[in-house]
Amino acid sequence: MSEQSIALNRFGLGARGDDAPPENPRRWLLGQFDRYDPNPAALRDRPGSKAAAADFLHYRLNLRGALRGTDQVDSLEEAGEDLQQVLRGYFGKVRDKYFADVAARGQVAIDSDTPFVERMVHFWSNHFAVSVAKRQVSGLVAPYEFEAIRPHVLGSFRELLRAAALHPGMLLYLDQDRSVGPNSLGARFRASRGMDEVGLNENLAREILELHTLGVDGGYTQADVTEFARALTGYTFDGLPYLRDAQPLGNGAAFSLVVHEPGRRTILGKTYRQRDGDQALAVLDDLARHPSTARFVATKLARHFSADDPPGTLVARLETAFRNSDGDLPTLYRTLIEAPETWRPERHKFRTPWEWSVGALRATGVRELPARIFTGIQSELGQTTWGPPSPAGFADTAASWAAPDALLRRIEVAERIATASRRTDVPALARRLFPDALNDTTATAIARAESPNQGLALLLAAPEMMRR
Amino acid sequence: MIDRRNLLLRSAALGGATLLMPTMALAAAATDKRLLFVLQRGAADGLATLAPVGDPDFLRRRDRLADGVEDLPKLDGFFALHPAFENIGGLYRDGQALFVHAVATSYRERSHFDAQNLLESGGTEAYAVRDGWLNRLLGLLPDGGARALALSPAVPLALQGQHSVSSYAPSALPEATGNMMDRVAQLYRSDPQLSGLLDEALRTREMAGDTQLKNLRDAEKTGELAASLMRGPEGARIMMVESDGWDSHAGQRFQFNQQATRLDAMLGAYRSGMGVDWNDTLVLVATEFGRTVARNGTDGTDHGTAGAAMLLGGSVAGGRVLADWPGLAAKDLYEERDLRPTRSLEAVLAGAVAAHFGIEPPLAMRTLFPDRDAQAEEGLLRSQSSIVRPQNGLRSS
């Protein structure tokens, strides 16, 4: 692949059909840092985190009302009319909002003239994954990316980690909102009244260590997980009627001392004596600059921009850059852009469904896809937007995406997108998408197509479109 | 809309102009035995699946998560099957379901992702083995067209590897035109990866026919579809289905009941759909690890260690629960919180497939789950099967 084609496709999201290829690929990538817009027009009207969190709490209140008097509901079939209504009302609204949010995300990616930085938004959003696979989180996944990820992709890893870990979307996804210090004032109060016992949930603590910072071999123990979970108690939703002391964080989350586990914590050999929410913040900050984190993040970045098995030299380069810059993200991106390993001509990375469909829509200039259709296409291609199967996010390896049925679906969608586009300049378009990097086979197939439509569909299904 | 069967025949008429090989698509495999592997992702709670109601510590530690469990009919005086598993309970009564409890892989940490990686790759360290044990199993079967299939658009790790594997899931997308498909096949001719994938995909869609399904959300229809892809001489011999959503950290009773109901409906429909081929079918249901014995602070359970697995099928030596019960008193728990493993899940899986496909158990163990002390379990199926020898020539349908 030529350097222009690498900049457009490996670093970017694919060329927009009418753009001239960048004259200086590296300068074009670096220049995007200054032009990136964390809050582009398409996202400005989308409901924010605070509103989404409040909506969710409202729903949960109604749900409890509808459940009152019932002992335990083990299945939806047992649910009464009230309950059904509450569920339908909230999730119907959330579903429509989700479609519109996915479409807005797509619009930003399709229109962007800073596609490298947008790629980093997608990368970090997947690194710190929240997922509609847990249905209750559906209303918060978009505000999470728009407010916790987007503003920080050109900041430091430390800021990004704080914003992601303490967003109400993450707190809800990994059950932190309901985790209570067993010796906290709140827990003792409940116990004294003979109310149901509440306690610790270690889900978020574990996933921060395993998936967001140190990595599974990063050198922590079960005791560290539990201690960190204790430190994190108190971070929950803002606006809970029984936590009047809660200090809002401004994003729909809050910290409440009433449910925070009192006492000092020892995590990874260090003692944290803070008495409030600063305790978890201090732990997060230390995790953000831990050598294991540098290694873990470097490996994931290297994998994303080189190959499923990234060259050790590239990982080492990024690891050093991470440690020397204290996790400054633009420094890491510059390292990627300057590294020889990311400019090797072989296309090793199989595009994910998101990358492929966004690339196809950027290429063709199709912008009229209704929100439902765009969202549905992502799911049909096997990558429900903001819906990875687990907190580990979507896999970043070819084996996860290069599959028989998944490929057939791309071909079907290619034909559909080609039909929606009315482009007739397909041979020239192909050369613009892959400057000096178009295979003869593809050029021939396009030239022999029975119509421009079919030529375009073949271009979108071509091997060049499948890998970057 | 183009009919896939016509597409294949037409492609055959084009001879060398295409990579589609309909003769292979119609080949019957050299074994009649079928294996369906169901992976419960997210750590299904073995203590909810099979509640040890005979253990006095169970109700105490589970507290209100176990409400009503004492009243369930007991399987063998000690364990009670979760009531959502109606069809599976029926198989148990017919002697066609064998449950294994206090079972775990060699993994002793509590990461879903590492644990699933080990259970799928068969390695002893996460990410050390790059292919999956179901793919390596293909290499142990007699030559001749045994096809493996993932019931999902992509291929999960357990099926990834050097042997070609197909994937299929129903979709709401309009099919591409036949003309387009022919041209794409041409376009991929010099790209072995893409041409191989396309070839597999077309063959599998041909088998599935027009399902009228748009996704896999309907558990019963999913079971019927799985059966339709596995029964008959040309059916796939190995299939994997993923069952998500078992990570019940909060509100476990509701969540578990939903997942269990779905799994049971899927397997019930699958069993009916397999018809007479059920006698040659083995279903293995397993999860990456179990969950904590005690209820957590949010009416759920956290990541644990040992759990439960199920073996279903016409030749399973069922109607019993296989367990060396470790007990749930504080001193008996693993790290003072989890059900202690007393059986190797790998040994159960290897032993079951060895007996099912007529593979020497030690060979199965070291190929599928290498570098372990445990030996493949024997006696899981009623009788050792004999391998059906490859038939001469290819069958036509």
# chains A, B, ... in the order shown; residues from 1 in each chain; ligands from 1
call {"tool": "interface_residues", "arguments": {"of": "chain B", "to": "chain A", "cutoff": "6 Å", "atoms": "only C-alpha atoms", "output": "ChimeraX atom specification"}}
result
/B:153-155,166-168,175-176,197-198,200-201,253-254,297
call {"tool": "residues_around", "arguments": {"residues": "B:Met310", "least_positions_apart": "5", "cutoff": "12 Å", "atoms": "only C-alpha atoms", "output": "PDB file with N, CA and C atoms, in the first residue's frame"}}
result
ATOM      1  N   LEU B  36     -22.659 -30.675  19.461  1.00  0.00           N
ATOM      2  CA  LEU B  36     -23.060 -29.278  19.624  1.00  0.00           C
ATOM      3  C   LEU B  36     -22.436 -28.777  20.924  1.00  0.00           C
ATOM      4  N   PHE B  37     -21.629 -27.744  20.812  1.00  0.00           N
ATOM      5  CA  PHE B  37     -21.010 -27.157  22.001  1.00  0.00           C
ATOM      6  C   PHE B  37     -21.686 -25.829  22.293  1.00  0.00           C
ATOM      7  N   VAL B  38     -22.246 -25.723  23.491  1.00  0.00           N
ATOM      8  CA  VAL B  38     -22.896 -24.479  23.891  1.00  0.00           C
ATOM      9  C   VAL B  38     -22.025 -23.824  24.956  1.00  0.00           C
ATOM     10  N   LEU B  39     -21.516 -22.660  24.644  1.00  0.00           N
ATOM     11  CA  LEU B  39     -20.689 -21.933  25.608  1.00  0.00           C
ATOM     12  C   LEU B  39     -21.544 -20.868  26.280  1.00  0.00           C
ATOM     13  N   GLN B  40     -21.685 -21.007  27.601  1.00  0.00           N
ATOM     14  CA  GLN B  40     -22.413 -19.994  28.377  1.00  0.00           C
ATOM     15  C   GLN B  40     -21.408 -18.927  28.767  1.00  0.00           C
ATOM     16  N   ALA B  44     -21.912 -18.737  34.083  1.00  0.00           N
ATOM     17  CA  ALA B  44     -23.235 -19.158  34.558  1.00  0.00           C
ATOM     18  C   ALA B  44     -23.077 -19.745  35.958  1.00  0.00           C
ATOM     19  N   GLY B  46     -23.319 -22.139  38.580  1.00  0.00           N
ATOM     20  CA  GLY B  46     -23.581 -23.573  38.725  1.00  0.00           C
ATOM     21  C   GLY B  46     -24.464 -23.881  39.915  1.00  0.00           C
ATOM     22  N   THR B  49     -27.928 -23.321  38.672  1.00  0.00           N
ATOM     23  CA  THR B  49     -28.296 -24.383  37.744  1.00  0.00           C
ATOM     24  C   THR B  49     -28.684 -25.639  38.514  1.00  0.00           C
ATOM     25  N   LEU B  50     -27.782 -26.067  39.346  1.00  0.00           N
ATOM     26  CA  LEU B  50     -27.981 -27.281  40.139  1.00  0.00           C
ATOM     27  C   LEU B  50     -27.770 -26.905  41.595  1.00  0.00           C
ATOM     28  N   LEU B  81     -32.588 -29.168  40.124  1.00  0.00           N
ATOM     29  CA  LEU B  81     -32.356 -28.458  38.863  1.00  0.00           C
ATOM     30  C   LEU B  81     -33.208 -27.196  38.844  1.00  0.00           C
ATOM     31  N   PHE B  85     -35.259 -25.059  33.573  1.00  0.00           N
ATOM     32  CA  PHE B  85     -34.724 -26.096  32.675  1.00  0.00           C
ATOM     33  C   PHE B  85     -35.726 -27.241  32.534  1.00  0.00           C
ATOM     34  N   ILE B  88     -34.622 -29.815  29.670  1.00  0.00           N
ATOM     35  CA  ILE B  88     -33.411 -30.511  30.110  1.00  0.00           C
ATOM     36  C   ILE B  88     -33.750 -31.463  31.252  1.00  0.00           C
ATOM     37  N   GLY B  89     -34.676 -31.036  32.131  1.00  0.00           N
ATOM     38  CA  GLY B  89     -35.139 -31.920  33.198  1.00  0.00           C
ATOM     39  C   GLY B  89     -35.788 -33.168  32.624  1.00  0.00           C
ATOM     40  N   LEU B  91     -35.060 -34.557  29.740  1.00  0.00           N
ATOM     41  CA  LEU B  91     -33.974 -35.413  29.240  1.00  0.00           C
ATOM     42  C   LEU B  91     -33.320 -36.172  30.396  1.00  0.00           C
ATOM     43  N   TYR B  92     -33.194 -35.490  31.527  1.00  0.00           N
ATOM     44  CA  TYR B  92     -32.596 -36.140  32.697  1.00  0.00           C
ATOM     45  C   TYR B  92     -33.449 -37.347  33.109  1.00  0.00           C
ATOM     46  N   GLN B  96     -31.042 -39.112  29.502  1.00  0.00           N
ATOM     47  CA  GLN B  96     -30.246 -38.551  28.403  1.00  0.00           C
ATOM     48  C   GLN B  96     -29.572 -37.239  28.783  1.00  0.00           C
ATOM     49  N   ALA B  97     -29.545 -36.935  30.053  1.00  0.00           N
ATOM     50  CA  ALA B  97     -28.828 -35.741  30.518  1.00  0.00           C
ATOM     51  C   ALA B  97     -27.964 -36.121  31.709  1.00  0.00           C
ATOM     52  N   LEU B  98     -26.714 -35.770  31.617  1.00  0.00           N
ATOM     53  CA  LEU B  98     -25.767 -36.021  32.699  1.00  0.00           C
ATOM     54  C   LEU B  98     -25.240 -34.669  33.164  1.00  0.00           C
ATOM     55  N   PHE B  99     -25.356 -34.403  34.455  1.00  0.00           N
ATOM     56  CA  PHE B  99     -24.857 -33.136  34.984  1.00  0.00           C
ATOM     57  C   PHE B  99     -23.558 -33.376  35.746  1.00  0.00           C
ATOM     58  N   VAL B 100     -22.656 -32.442  35.619  1.00  0.00           N
ATOM     59  CA  VAL B 100     -21.384 -32.545  36.323  1.00  0.00           C
ATOM     60  C   VAL B 100     -21.246 -31.293  37.190  1.00  0.00           C
ATOM     61  N   HIS B 101     -20.960 -31.495  38.449  1.00  0.00           N
ATOM     62  CA  HIS B 101     -20.913 -30.334  39.357  1.00  0.00           C
ATOM     63  C   HIS B 101     -19.539 -30.233  40.026  1.00  0.00           C
ATOM     64  N   ALA B 102     -19.305 -29.051  40.586  1.00  0.00           N
ATOM     65  CA  ALA B 102     -18.011 -28.733  41.218  1.00  0.00           C
ATOM     66  C   ALA B 102     -16.889 -28.973  40.204  1.00  0.00           C
ATOM     67  N   VAL B 103     -17.127 -28.520  38.986  1.00  0.00           N
ATOM     68  CA  VAL B 103     -16.197 -28.753  37.895  1.00  0.00           C
ATOM     69  C   VAL B 103     -15.615 -27.413  37.451  1.00  0.00           C
ATOM     70  N   LEU B 263     -32.096 -20.823  27.127  1.00  0.00           N
ATOM     71  CA  LEU B 263     -31.226 -21.963  26.818  1.00  0.00           C
ATOM     72  C   LEU B 263     -32.048 -23.249  26.741  1.00  0.00           C
ATOM     73  N   ASP B 264     -32.970 -23.392  27.681  1.00  0.00           N
ATOM     74  CA  ASP B 264     -33.786 -24.596  27.706  1.00  0.00           C
ATOM     75  C   ASP B 264     -34.683 -24.678  26.460  1.00  0.00           C
ATOM     76  N   LEU B 267     -32.499 -25.634  23.447  1.00  0.00           N
ATOM     77  CA  LEU B 267     -32.074 -27.035  23.420  1.00  0.00           C
ATOM     78  C   LEU B 267     -33.260 -27.979  23.244  1.00  0.00           C
ATOM     79  N   LEU B 282     -24.281 -35.431  20.572  1.00  0.00           N
ATOM     80  CA  LEU B 282     -23.836 -35.083  21.925  1.00  0.00           C
ATOM     81  C   LEU B 282     -23.879 -33.566  22.053  1.00  0.00           C
ATOM     82  N   VAL B 283     -24.523 -33.095  23.104  1.00  0.00           N
ATOM     83  CA  VAL B 283     -24.540 -31.654  23.387  1.00  0.00           C
ATOM     84  C   VAL B 283     -23.740 -31.422  24.660  1.00  0.00           C
ATOM     85  N   LEU B 284     -22.777 -30.520  24.585  1.00  0.00           N
ATOM     86  CA  LEU B 284     -21.991 -30.150  25.768  1.00  0.00           C
ATOM     87  C   LEU B 284     -22.299 -28.702  26.115  1.00  0.00           C
ATOM     88  N   VAL B 285     -22.678 -28.457  27.348  1.00  0.00           N
ATOM     89  CA  VAL B 285     -22.968 -27.096  27.801  1.00  0.00           C
ATOM     90  C   VAL B 285     -21.970 -26.762  28.905  1.00  0.00           C
ATOM     91  N   ALA B 286     -21.182 -25.719  28.683  1.00  0.00           N
ATOM     92  CA  ALA B 286     -20.158 -25.384  29.677  1.00  0.00           C
ATOM     93  C   ALA B 286     -19.998 -23.873  29.782  1.00  0.00           C
ATOM     94  N   THR B 287     -19.419 -23.445  30.877  1.00  0.00           N
ATOM     95  CA  THR B 287     -19.188 -22.019  31.121  1.00  0.00           C
ATOM     96  C   THR B 287     -17.772 -21.835  31.655  1.00  0.00           C
ATOM     97  N   VAL B 316     -25.806 -40.438  25.959  1.00  0.00           N
ATOM     98  CA  VAL B 316     -25.208 -40.003  27.218  1.00  0.00           C
ATOM     99  C   VAL B 316     -25.662 -40.935  28.346  1.00  0.00           C
ATOM    100  N   ALA B 317     -24.743 -41.331  29.184  1.00  0.00           N
ATOM    101  CA  ALA B 317     -25.089 -42.161  30.340  1.00  0.00           C
ATOM    102  C   ALA B 317     -25.664 -41.243  31.411  1.00  0.00           C
ATOM    103  N   GLY B 318     -26.898 -40.819  31.193  1.00  0.00           N
ATOM    104  CA  GLY B 318     -27.463 -39.721  31.966  1.00  0.00           C
ATOM    105  C   GLY B 318     -28.336 -40.171  33.119  1.00  0.00           C
ATOM    106  N   GLY B 319     -29.181 -39.216  33.553  1.00  0.00           N
ATOM    107  CA  GLY B 319     -30.024 -39.494  34.700  1.00  0.00           C
ATOM    108  C   GLY B 319     -29.255 -39.496  36.001  1.00  0.00           C
ATOM    109  N   ARG B 320     -28.114 -38.841  36.012  1.00  0.00           N
ATOM    110  CA  ARG B 320     -27.327 -38.782  37.251  1.00  0.00           C
ATOM    111  C   ARG B 320     -26.513 -37.488  37.291  1.00  0.00           C
ATOM    112  N   VAL B 321     -26.074 -37.151  38.485  1.00  0.00           N
ATOM    113  CA  VAL B 321     -25.206 -35.992  38.683  1.00  0.00           C
ATOM    114  C   VAL B 321     -23.846 -36.507  39.114  1.00  0.00           C
ATOM    115  N   LEU B 322     -22.845 -36.109  38.380  1.00  0.00           N
ATOM    116  CA  LEU B 322     -21.485 -36.548  38.669  1.00  0.00           C
ATOM    117  C   LEU B 322     -20.828 -35.463  39.509  1.00  0.00           C
ATOM    118  N   LEU B 345     -12.920 -29.814  34.086  1.00  0.00           N
ATOM    119  CA  LEU B 345     -13.864 -29.629  32.983  1.00  0.00           C
ATOM    120  C   LEU B 345     -13.258 -30.105  31.671  1.00  0.00           C
ATOM    121  N   VAL B 348     -13.648 -33.734  31.347  1.00  0.00           N
ATOM    122  CA  VAL B 348     -15.023 -34.110  31.012  1.00  0.00           C
ATOM    123  C   VAL B 348     -15.270 -33.899  29.514  1.00  0.00           C
ATOM    124  N   LEU B 349     -14.865 -32.727  29.019  1.00  0.00           N
ATOM    125  CA  LEU B 349     -15.096 -32.427  27.599  1.00  0.00           C
ATOM    126  C   LEU B 349     -14.334 -33.409  26.714  1.00  0.00           C
ATOM    127  N   ALA B 352     -15.811 -36.924  26.908  1.00  0.00           N
ATOM    128  CA  ALA B 352     -17.095 -37.054  26.217  1.00  0.00           C
ATOM    129  C   ALA B 352     -16.905 -37.120  24.703  1.00  0.00           C
ATOM    130  N   LEU B 380     -18.767 -41.579  30.440  1.00  0.00           N
ATOM    131  CA  LEU B 380     -19.761 -40.512  30.341  1.00  0.00           C
ATOM    132  C   LEU B 380     -20.879 -40.882  29.363  1.00  0.00           C
TER     133      LEU B 380
END
call {"tool": "atom_distance", "arguments": {"atom1": "atom CA of B:Val276", "atom2": "atom CA of B:Leu229"}}
result
14.4 Å
call {"tool": "select_by_dssp", "arguments": {"residues": "stretch 121-211 of chain A", "states": "helix (DSSP H, G or I)", "output": "short mmCIF file (atom, residue, chain, number, x, y, z; two decimals) with N, CA, C and O atoms, in the first residue's frame"}}
result
data_model
loop_
_atom_site.label_atom_id
_atom_site.label_comp_id
_atom_site.auth_asym_id
_atom_site.auth_seq_id
_atom_site.Cartn_x
_atom_site.Cartn_y
_atom_site.Cartn_z
N VAL A 121 -11.22 8.18 18.87
CA VAL A 121 -12.45 8.18 19.68
C VAL A 121 -13.02 6.77 19.71
O VAL A 121 -13.36 6.24 20.78
N HIS A 122 -13.11 6.15 18.54
CA HIS A 122 -13.67 4.79 18.48
C HIS A 122 -12.79 3.80 19.25
O HIS A 122 -13.29 2.92 19.92
N PHE A 123 -11.49 4.00 19.12
CA PHE A 123 -10.55 3.12 19.81
C PHE A 123 -10.73 3.19 21.33
O PHE A 123 -10.88 2.18 22.01
N TRP A 124 -10.74 4.41 21.86
CA TRP A 124 -10.83 4.55 23.32
C TRP A 124 -12.20 4.18 23.83
O TRP A 124 -12.36 3.64 24.93
N SER A 125 -13.21 4.48 23.05
CA SER A 125 -14.56 4.10 23.45
C SER A 125 -14.66 2.58 23.59
O SER A 125 -15.36 2.07 24.47
N ASN A 126 -13.93 1.87 22.74
CA ASN A 126 -13.92 0.41 22.81
C ASN A 126 -13.00 -0.08 23.93
O ASN A 126 -13.27 -1.11 24.56
N HIS A 127 -11.92 0.64 24.18
CA HIS A 127 -11.02 0.26 25.27
C HIS A 127 -11.75 0.36 26.61
O HIS A 127 -11.67 -0.53 27.45
N ARG A 135 -28.98 -4.15 29.09
CA ARG A 135 -30.01 -3.31 28.51
C ARG A 135 -30.22 -2.00 29.27
O ARG A 135 -30.49 -0.96 28.66
N GLN A 136 -30.10 -2.05 30.59
CA GLN A 136 -30.36 -0.84 31.37
C GLN A 136 -29.42 0.30 30.99
O GLN A 136 -29.72 1.46 31.21
N VAL A 137 -28.27 -0.02 30.43
CA VAL A 137 -27.26 1.00 30.13
C VAL A 137 -27.56 1.71 28.81
O VAL A 137 -26.95 2.72 28.49
N VAL A 141 -25.07 4.96 26.86
CA VAL A 141 -23.86 4.63 26.10
C VAL A 141 -23.40 5.78 25.21
O VAL A 141 -22.20 6.04 25.10
N ALA A 142 -24.34 6.48 24.59
CA ALA A 142 -23.94 7.57 23.70
C ALA A 142 -23.42 8.77 24.47
O ALA A 142 -22.32 9.27 24.18
N PRO A 143 -24.16 9.26 25.48
CA PRO A 143 -23.61 10.37 26.27
C PRO A 143 -22.24 10.02 26.86
O PRO A 143 -21.39 10.89 27.02
N TYR A 144 -22.05 8.75 27.17
CA TYR A 144 -20.75 8.32 27.70
C TYR A 144 -19.65 8.61 26.69
O TYR A 144 -18.64 9.25 27.02
N GLU A 145 -19.83 8.16 25.46
CA GLU A 145 -18.78 8.42 24.47
C GLU A 145 -18.64 9.91 24.18
O GLU A 145 -17.54 10.44 24.07
N PHE A 146 -19.78 10.58 24.04
CA PHE A 146 -19.73 11.98 23.65
C PHE A 146 -19.10 12.85 24.74
O PHE A 146 -18.42 13.83 24.45
N GLU A 147 -19.32 12.50 26.00
CA GLU A 147 -18.85 13.39 27.08
C GLU A 147 -17.66 12.86 27.87
O GLU A 147 -16.89 13.65 28.43
N ALA A 148 -17.54 11.54 27.97
CA ALA A 148 -16.40 11.02 28.75
C ALA A 148 -15.21 10.70 27.84
O ALA A 148 -14.07 10.79 28.27
N ILE A 149 -15.44 10.35 26.59
CA ILE A 149 -14.34 9.97 25.70
C ILE A 149 -13.93 11.13 24.78
O ILE A 149 -12.77 11.55 24.78
N ARG A 150 -14.88 11.65 24.02
CA ARG A 150 -14.54 12.65 22.98
C ARG A 150 -13.69 13.82 23.49
O ARG A 150 -12.69 14.16 22.85
N PRO A 151 -14.04 14.44 24.62
CA PRO A 151 -13.26 15.61 25.02
C PRO A 151 -11.84 15.28 25.46
O PRO A 151 -11.02 16.18 25.60
N HIS A 152 -11.55 13.99 25.70
CA HIS A 152 -10.27 13.65 26.32
C HIS A 152 -9.30 12.91 25.41
O HIS A 152 -8.21 12.55 25.84
N PHE A 157 -3.91 10.15 29.41
CA PHE A 157 -4.59 8.90 29.74
C PHE A 157 -5.24 9.02 31.12
O PHE A 157 -6.32 8.47 31.36
N ARG A 158 -4.60 9.77 32.01
CA ARG A 158 -5.12 9.94 33.36
C ARG A 158 -6.51 10.60 33.33
O ARG A 158 -7.44 10.14 33.99
N GLU A 159 -6.63 11.67 32.56
CA GLU A 159 -7.93 12.36 32.47
C GLU A 159 -8.98 11.46 31.83
O GLU A 159 -10.14 11.42 32.24
N LEU A 160 -8.55 10.76 30.80
CA LEU A 160 -9.47 9.88 30.09
C LEU A 160 -9.97 8.78 31.03
O LEU A 160 -11.17 8.47 31.08
N LEU A 161 -9.07 8.20 31.80
CA LEU A 161 -9.43 7.13 32.73
C LEU A 161 -10.42 7.62 33.77
O LEU A 161 -11.43 6.97 34.04
N ARG A 162 -10.13 8.78 34.36
CA ARG A 162 -11.05 9.34 35.36
C ARG A 162 -12.44 9.56 34.76
O ARG A 162 -13.45 9.21 35.36
N ALA A 163 -12.45 10.18 33.58
CA ALA A 163 -13.74 10.51 32.97
C ALA A 163 -14.53 9.24 32.64
O ALA A 163 -15.74 9.18 32.83
N ALA A 164 -13.83 8.22 32.14
CA ALA A 164 -14.51 7.00 31.74
C ALA A 164 -14.98 6.21 32.96
O ALA A 164 -16.12 5.75 33.02
N ALA A 165 -14.09 6.04 33.92
CA ALA A 165 -14.39 5.16 35.06
C ALA A 165 -15.51 5.72 35.92
O ALA A 165 -16.25 4.95 36.53
N PRO A 168 -21.60 7.91 34.78
CA PRO A 168 -22.72 7.07 35.24
C PRO A 168 -22.95 5.85 34.33
O PRO A 168 -23.41 4.81 34.81
N GLY A 169 -22.61 5.97 33.03
CA GLY A 169 -22.75 4.82 32.14
C GLY A 169 -21.87 3.67 32.59
O GLY A 169 -22.30 2.51 32.64
N MET A 170 -20.63 3.98 32.94
CA MET A 170 -19.71 2.94 33.41
C MET A 170 -20.11 2.44 34.79
O MET A 170 -20.07 1.23 35.07
N LEU A 171 -20.52 3.37 35.65
CA LEU A 171 -20.91 2.96 37.02
C LEU A 171 -22.07 1.98 36.96
O LEU A 171 -22.11 0.99 37.70
N LEU A 172 -23.00 2.23 36.05
CA LEU A 172 -24.15 1.35 35.93
C LEU A 172 -23.77 0.04 35.24
O LEU A 172 -24.16 -1.05 35.67
N TYR A 173 -22.98 0.16 34.18
CA TYR A 173 -22.61 -1.03 33.40
C TYR A 173 -21.89 -2.04 34.28
O TYR A 173 -22.12 -3.24 34.21
N GLN A 176 -21.19 -0.51 39.75
CA GLN A 176 -20.60 0.29 40.82
C GLN A 176 -21.67 1.11 41.54
O GLN A 176 -21.55 1.37 42.74
N ASP A 177 -22.71 1.52 40.82
CA ASP A 177 -23.71 2.39 41.42
C ASP A 177 -24.38 1.76 42.64
O ASP A 177 -24.93 2.44 43.47
N ARG A 178 -24.32 0.42 42.71
CA ARG A 178 -25.00 -0.24 43.82
C ARG A 178 -24.04 -0.82 44.84
O ARG A 178 -24.45 -1.49 45.77
N LEU A 185 -21.60 4.26 56.92
CA LEU A 185 -22.74 4.75 57.70
C LEU A 185 -24.04 4.20 57.13
O LEU A 185 -24.91 3.73 57.87
N GLY A 186 -24.16 4.24 55.83
CA GLY A 186 -25.39 3.79 55.16
C GLY A 186 -25.67 2.33 55.44
O GLY A 186 -26.81 1.95 55.77
N ALA A 187 -24.66 1.50 55.31
CA ALA A 187 -24.86 0.06 55.52
C ALA A 187 -25.21 -0.21 56.98
O ALA A 187 -26.08 -1.04 57.28
N ARG A 188 -24.56 0.50 57.89
CA ARG A 188 -24.83 0.26 59.31
C ARG A 188 -26.24 0.72 59.69
O ARG A 188 -26.91 0.08 60.46
N PHE A 189 -26.64 1.84 59.07
CA PHE A 189 -27.99 2.34 59.32
C PHE A 189 -29.03 1.30 58.89
O PHE A 189 -29.95 0.97 59.62
N ARG A 190 -28.82 0.77 57.69
CA ARG A 190 -29.78 -0.23 57.18
C ARG A 190 -29.81 -1.46 58.09
O ARG A 190 -30.88 -1.99 58.39
N ALA A 191 -28.62 -1.89 58.50
CA ALA A 191 -28.56 -3.07 59.35
C ALA A 191 -29.31 -2.83 60.66
O ALA A 191 -30.03 -3.70 61.15
N SER A 192 -29.15 -1.61 61.21
CA SER A 192 -29.78 -1.32 62.50
C SER A 192 -31.30 -1.31 62.37
O SER A 192 -32.02 -1.52 63.33
N ASN A 203 -17.12 -5.59 40.63
CA ASN A 203 -17.05 -5.67 39.17
C ASN A 203 -16.21 -4.55 38.54
O ASN A 203 -15.30 -4.80 37.76
N LEU A 204 -16.55 -3.30 38.87
CA LEU A 204 -15.82 -2.18 38.25
C LEU A 204 -14.35 -2.19 38.64
O LEU A 204 -13.47 -2.00 37.80
N ALA A 205 -14.07 -2.45 39.91
CA ALA A 205 -12.67 -2.45 40.37
C ALA A 205 -11.86 -3.45 39.57
O ALA A 205 -10.76 -3.15 39.08
N ARG A 206 -12.42 -4.64 39.39
CA ARG A 206 -11.69 -5.67 38.66
C ARG A 206 -11.45 -5.27 37.21
O ARG A 206 -10.35 -5.40 36.67
N GLU A 207 -12.49 -4.76 36.55
CA GLU A 207 -12.33 -4.46 35.13
C GLU A 207 -11.43 -3.24 34.90
O GLU A 207 -10.75 -3.18 33.88
N ILE A 208 -11.42 -2.30 35.82
CA ILE A 208 -10.46 -1.18 35.66
C ILE A 208 -9.04 -1.73 35.68
O ILE A 208 -8.21 -1.39 34.83
N LEU A 209 -8.77 -2.64 36.63
CA LEU A 209 -7.42 -3.20 36.71
C LEU A 209 -7.11 -4.07 35.50
O LEU A 209 -6.05 -3.96 34.89
N GLU A 210 -8.06 -4.92 35.16
CA GLU A 210 -7.78 -5.92 34.13
C GLU A 210 -7.87 -5.36 32.71
O GLU A 210 -7.06 -5.71 31.85
N LEU A 211 -8.88 -4.54 32.47
CA LEU A 211 -9.17 -4.14 31.09
C LEU A 211 -8.79 -2.70 30.76
O LEU A 211 -8.57 -2.38 29.59
#
call {"tool": "residues_around", "arguments": {"residues": "stretch 157-160 of chain B", "least_positions_apart": "2", "cutoff": "6 Å", "atoms": "only C-alpha atoms", "output": "compact mmCIF listing (two decimals) with N, CA and C atoms, in the first residue's frame"}}
result
# COMPACT_ATOMS: atom_id res chain seq x y z
N GLU B 120 -11.85 -21.99 25.37
CA GLU B 120 -12.02 -22.09 23.92
C GLU B 120 -10.75 -22.58 23.22
N SER B 121 -9.60 -22.09 23.68
CA SER B 121 -8.35 -22.49 23.02
C SER B 121 -7.89 -23.85 23.51
N ASP B 131 -5.29 -21.50 18.32
CA ASP B 131 -6.48 -22.07 17.69
C ASP B 131 -7.39 -22.66 18.76
N GLY B 132 -8.55 -23.15 18.34
CA GLY B 132 -9.53 -23.63 19.30
C GLY B 132 -9.61 -25.15 19.33
N TRP B 133 -10.08 -25.69 20.44
CA TRP B 133 -10.09 -27.16 20.59
C TRP B 133 -11.09 -27.82 19.66
N LEU B 134 -12.17 -27.12 19.33
CA LEU B 134 -13.12 -27.73 18.39
C LEU B 134 -12.51 -27.82 16.99
N ASN B 135 -11.67 -26.86 16.65
CA ASN B 135 -11.00 -26.92 15.36
C ASN B 135 -10.00 -28.07 15.34
